[in-house]
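To keep things clear, I will list the structure first and then write my remarks on it.
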Amino acid sequence: MGTRALAALPYEIIEDENVEIPVSDGIRLAARIWRPAGSESLPVPGILEYIPYRKRDLTSVRDSIHHPYLAGHGYACVRVDIRGTGESEGVLVDEYLESEQRDAEDVLQWLADQPWCSGVTGMMGISWGGFAALQVAARKPPSLRAIVISSFTDDRFADDMHYMGGCLLSDNVAESGTMFSDSTLPPDPALVGERWERMWRERLEGCSLWAEQWLRHQRRDEYWRHASVSEDYRDVQVPVLASSGWADGYSNAVTRLMAHLDVPRLGLIGPWSHKYPHLGEPGPAIGYLQEVVRWWDHWLKDADNGVLDGPMVRTWLQESVPPSTSYEDRPGRWVGETRWPSPHVRPSEHALAPHRIARPGERVPDEVLPVSSPLSVGQFSGKWASYSAPPDLPYDQREEDGGSLVFDTDVLTERCEILGAPRVRLALSADRPVAMVAARLSDVAPDGRATRVTYGLLNLTHRDGHEEPRPMEPGEVCEVEFELNGVAQAFPAGHRIRLSLSTSYWPLAWPPPEPVTLSVHTGRSVLTLPVRPVAESDEVADNPFGEPEGTAPLGTTQLTPPEQRWEVSRDLVAYHSALDIVKNSGTVRYDDIDLTVARDVHERYTWVADDFCSPVAETTWDVTFERGEWSARSETSTRVSCTPTEFVIDARLDAYTGGRRIVSRNWHRRVPRDLL
């Protein structure tokens, strides 16, 4: 479903393509500003979106849909590139730094002081922008009155792309490659003039190795506690409109905020991947920007519009679908909850019997079931977060289940709906000191096809918490408990619900240093489902949102075609296996500024047989900018491999202008494994 472009807006808008905003240490940040004509005499509230992804080109099409729309409804929208990105001065060396947040406070103060601003501000954003808005809100800048956030988390360690359940995610490597590239791209000389190469060289020579930084913090230490709002939810004292999607990696924080914040708040979770809801994929996308305008009107303009009427949480309860690596739409319906945790959701405990999920209250014998998974379990897991680069959703789980310990319910005699985070409690022992367990919940159709509904991971050395891991004592039985990712899902009558346990889940998560056998005790092990009885009122209309709206996107011309590829391969002579992901954007011309950009991204994950120290994760980026005779190109690569005791990082950066290489840098680092 496309976003409907509006022919007319309530206010005529004017745009400032590039405005330099000074911050306290003298650095100047670059901003693009849309605001109503006449706001110099009739000031309006200001809205800040603050991210490192290049307002001039790489996010300009997306930005052009929502910022002019909001400006046309009476707001001054300020889209700022974080220092060291786009046309902003300085160097970007890591995410969510203290300096980054101070810069944001300076920008908000600058914005509030402008003659066209009423002195009242809000922040909005998705992903990094959502993090930034939530983190800055916790710092209580005086002008900030409300925030709107999408695809974010409140816990940087355990609920981001770094360490799920204490397990190292491969997205840690992939995202470090993304930011290695993004932090070494040049400013546009059409805006910054002759100083563009000096600014670029400063970035190239001052950049950091993101993968090393993140690998040096393998437990939840002060590095991760900084800017994790979950440390003290009371720090957030402004109203929050929070959204995400079930196909996103950030599906858990919305309900946590609803449960823990003590401010006016609304939560929205659709079927979407890592996208704003008005651009949501899989569909249905919704009229999200209309909701955002109502939110801003109430909190920034004091409009009495009933924005808090109705449910606190609205979510898309997904129907059963066959397994597929991509969906255009996910069938389902909107349901609403007046508060969270919801009084409508009731925990249903099911003991694990030998290869069965028992009925509630059923007595189950204590038997010991071993599982030792091959490294191939996980090759159909999809991405930690779907970034709308299909096919990146999990495929049919039957091959994964062949290397797993599987428990099925009886055939369902009636429909079952769940809403929230399933929990697993396992009584188990391990034969090695470092071990992990992956738990997958699947919807099994009568023909046997298995669609993964949700999953969770636990590094068993983190069983008592992420701050002080400790080895497993081989052979010693212990109880561990952990949550799977939140979900809203219907299981039809005639289907089965399946829990699958595995001791590896590569390449989604890095495996332990050697093969492990877990011994799981039935009876004492329990699956708890968050059941929402079908008879409960949904508390929302069939379609509580309008159709997606926005302003017409900036014009681009696709000069060479994009390529999206996802290939699993296996050599049965050398037992070498690989997952290759290609995300080639082709060559795109941004018509309004006569700039062409070509991006070629390749991720590669390899392993050999069941050699648990053979996994390698590699990501390469090749980005070229051209206009007339000017050209600039950045090539970056990051490779992470391992030994039983270390992670090994090899990285490379080459930069070219006019076909001439101006910088070439190489890194080789070794980082000790910390019970991982």
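Identifiers in the structure tokens: chain A, B, ... in order shown; residue index from 1 per chain; ligand index from 1 in order shown.
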
Tell me, counting only C-alpha atoms, for each residue of segment 481-592 of chain A within 10 Å of segment 150-166 of chain A, which pair of atoms is nearest and how far apart they are in Å to one decimal, in rows ordered by chain and increasing number, as a tab-separated table.
```
residue	atom	partner	partner_atom	distance
A:Phe482	CA	A:Gly165	CA	8.0
A:Glu483	CA	A:Gly165	CA	9.0
A:Leu484	CA	A:Gly165	CA	9.7
A:Asn485	CA	A:Asp159	CA	9.5
A:Ala509	CA	A:Met164	CA	8.4
A:Trp510	CA	A:Tyr163	CA	9.8
```

Quick one: write out the picked residues with N, CA and C atoms as a PDB file, in the first residue's frame?
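So result-v6.pdb came out as:
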```
ATOM      1  N   PHE A 482      13.646 -17.524  30.692  1.00  0.00           N
ATOM      2  CA  PHE A 482      13.833 -16.357  29.833  1.00  0.00           C
ATOM      3  C   PHE A 482      12.608 -16.157  28.961  1.00  0.00           C
ATOM      4  N   GLU A 483      12.472 -14.922  28.481  1.00  0.00           N
ATOM      5  CA  GLU A 483      11.356 -14.556  27.625  1.00  0.00           C
ATOM      6  C   GLU A 483      11.730 -14.713  26.167  1.00  0.00           C
ATOM      7  N   LEU A 484      10.738 -15.060  25.353  1.00  0.00           N
ATOM      8  CA  LEU A 484      10.851 -14.947  23.912  1.00  0.00           C
ATOM      9  C   LEU A 484      10.389 -13.553  23.524  1.00  0.00           C
ATOM     10  N   ASN A 485      10.685 -13.128  22.312  1.00  0.00           N
ATOM     11  CA  ASN A 485      10.225 -11.816  21.859  1.00  0.00           C
ATOM     12  C   ASN A 485       8.706 -11.741  21.883  1.00  0.00           C
ATOM     13  N   ALA A 509      22.978 -15.828  15.669  1.00  0.00           N
ATOM     14  CA  ALA A 509      23.756 -15.591  16.886  1.00  0.00           C
ATOM     15  C   ALA A 509      25.038 -16.410  16.830  1.00  0.00           C
ATOM     16  N   TRP A 510      26.110 -15.859  17.401  1.00  0.00           N
ATOM     17  CA  TRP A 510      27.400 -16.552  17.393  1.00  0.00           C
ATOM     18  C   TRP A 510      27.323 -17.787  18.292  1.00  0.00           C
TER      19      TRP A 510
END
```

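Atom CA of Gly475 of chain A is positioned 8.4 Å from atom CA of Arg432 of chain A.
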
(request) Identify, on the basis of only C-alpha atoms, every residue whose closest approach to segment 487-498 of chain A does not exceed 9 Å; exclude the query and any residue fewer than 6 positions from it along the same chain; express the result as a ChimeraX atom specification. (result) /A:246,251-252,315-320,332,356-357,406-422,440-446,450,453-454

Go ahead and save the residues from that selection, with C-alpha atoms, as a CSV table (one decimal), in the first residue's frame.
```csv
chain,number,residue,atom,x,y,z
A,246,TRP,CA,6.3,-7.6,14.9
A,251,SER,CA,9.2,-5.6,19.2
A,252,ASN,CA,9.6,-5.6,23.0
A,315,THR,CA,-1.7,-3.9,18.1
A,316,TRP,CA,-2.1,-6.0,14.9
A,317,LEU,CA,-3.0,-9.6,16.0
A,318,GLN,CA,-1.6,-11.7,13.2
A,319,GLU,CA,-3.4,-14.6,11.6
A,320,SER,CA,-1.7,-17.8,10.6
A,332,GLY,CA,-5.0,-10.0,11.0
A,356,ARG,CA,5.0,-32.9,23.8
A,357,ILE,CA,3.7,-29.6,25.2
A,406,VAL,CA,10.9,-30.4,19.5
A,407,PHE,CA,7.8,-30.3,21.7
A,408,ASP,CA,4.3,-30.1,20.0
A,409,THR,CA,0.9,-29.5,21.5
A,410,ASP,CA,-1.9,-31.8,20.6
A,411,VAL,CA,-3.9,-30.7,17.5
A,412,LEU,CA,-5.8,-27.6,18.7
A,413,THR,CA,-9.5,-28.1,18.9
A,414,GLU,CA,-10.2,-24.4,19.1
A,415,ARG,CA,-8.5,-21.2,18.1
A,416,CYS,CA,-5.8,-19.9,20.4
A,417,GLU,CA,-4.6,-16.3,20.5
A,418,ILE,CA,-1.5,-15.0,22.3
A,419,LEU,CA,-0.4,-11.4,23.0
A,420,GLY,CA,2.8,-10.6,24.8
A,421,ALA,CA,6.0,-12.5,25.5
A,422,PRO,CA,6.0,-16.3,25.9
A,440,ARG,CA,11.6,-21.0,18.8
A,441,LEU,CA,7.8,-21.0,18.9
A,442,SER,CA,6.2,-22.1,15.6
A,443,ASP,CA,2.7,-22.4,14.1
A,444,VAL,CA,2.5,-25.9,12.6
A,445,ALA,CA,-0.1,-26.4,9.8
A,446,PRO,CA,-1.9,-29.7,9.2
A,450,ALA,CA,6.1,-24.6,10.4
A,453,VAL,CA,6.1,-17.0,15.4
A,454,THR,CA,8.7,-15.8,17.8
```

Residues near Ser342 of chain A, anyone? I mean within 12 Å using only C-alpha atoms, not counting same-chain ones fewer than 4 positions away, as a short mmCIF file (atom, residue, chain, number, x, y, z; two decimals) with N, CA and C atoms, in the first residue's frame.
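Saved as selection_30.cif:
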```
data_model
loop_
_atom_site.label_atom_id
_atom_site.label_comp_id
_atom_site.auth_asym_id
_atom_site.auth_seq_id
_atom_site.Cartn_x
_atom_site.Cartn_y
_atom_site.Cartn_z
N THR A 255 5.82 -2.27 24.77
CA THR A 255 5.03 -2.71 25.92
C THR A 255 5.77 -2.48 27.23
N ARG A 256 7.11 -2.57 27.21
CA ARG A 256 7.85 -2.26 28.45
C ARG A 256 7.64 -0.81 28.86
N MET A 258 5.05 1.01 28.14
CA MET A 258 3.67 1.14 28.61
C MET A 258 3.55 0.65 30.05
N ALA A 259 4.31 -0.38 30.41
CA ALA A 259 4.24 -0.94 31.76
C ALA A 259 4.97 -0.09 32.79
N PRO A 311 -7.77 2.84 23.71
CA PRO A 311 -6.79 1.93 24.31
C PRO A 311 -5.41 2.57 24.48
N MET A 312 -4.70 2.11 25.49
CA MET A 312 -3.30 2.51 25.65
C MET A 312 -2.43 1.83 24.60
N VAL A 313 -2.72 0.56 24.31
CA VAL A 313 -1.94 -0.21 23.35
C VAL A 313 -2.86 -0.69 22.25
N ARG A 314 -2.49 -0.43 21.01
CA ARG A 314 -3.18 -0.97 19.85
C ARG A 314 -2.18 -1.82 19.07
N VAL A 335 -6.38 -5.02 17.69
CA VAL A 335 -6.95 -5.22 19.02
C VAL A 335 -6.38 -4.14 19.92
N GLY A 336 -7.10 -3.84 21.00
CA GLY A 336 -6.67 -2.78 21.89
C GLY A 336 -6.69 -3.21 23.34
N GLU A 337 -5.81 -2.62 24.12
CA GLU A 337 -5.73 -2.89 25.56
C GLU A 337 -5.71 -1.55 26.29
N THR A 338 -6.56 -1.41 27.30
CA THR A 338 -6.67 -0.15 28.02
C THR A 338 -5.45 0.14 28.89
N ARG A 346 -3.81 -13.78 29.99
CA ARG A 346 -3.70 -14.69 31.13
C ARG A 346 -2.61 -15.72 30.85
N PRO A 347 -1.68 -15.89 31.79
CA PRO A 347 -0.61 -16.87 31.56
C PRO A 347 -1.17 -18.30 31.57
N ILE A 418 -2.45 -15.44 21.28
CA ILE A 418 -1.51 -14.99 22.30
C ILE A 418 -1.13 -13.54 22.03
N LEU A 419 -0.85 -12.81 23.10
CA LEU A 419 -0.44 -11.41 23.01
C LEU A 419 0.55 -11.14 24.13
N GLY A 420 1.79 -10.90 23.76
CA GLY A 420 2.82 -10.64 24.75
C GLY A 420 4.02 -11.54 24.54
N PRO A 530 1.19 -16.32 26.79
CA PRO A 530 0.33 -15.20 27.18
C PRO A 530 -0.98 -15.24 26.38
N VAL A 531 -1.95 -15.97 26.87
CA VAL A 531 -3.17 -16.24 26.11
C VAL A 531 -4.16 -15.09 26.30
N ARG A 532 -4.67 -14.63 25.20
CA ARG A 532 -5.72 -13.61 25.19
C ARG A 532 -7.00 -14.30 24.72
N PRO A 533 -7.92 -14.61 25.63
CA PRO A 533 -9.12 -15.36 25.22
C PRO A 533 -9.82 -14.71 24.04
N GLU A 536 -12.61 -12.06 24.34
CA GLU A 536 -12.39 -10.72 24.88
C GLU A 536 -12.67 -9.65 23.83
N ASP A 538 -12.12 -6.54 21.55
CA ASP A 538 -10.90 -6.00 20.94
C ASP A 538 -10.71 -4.52 21.26
#
```
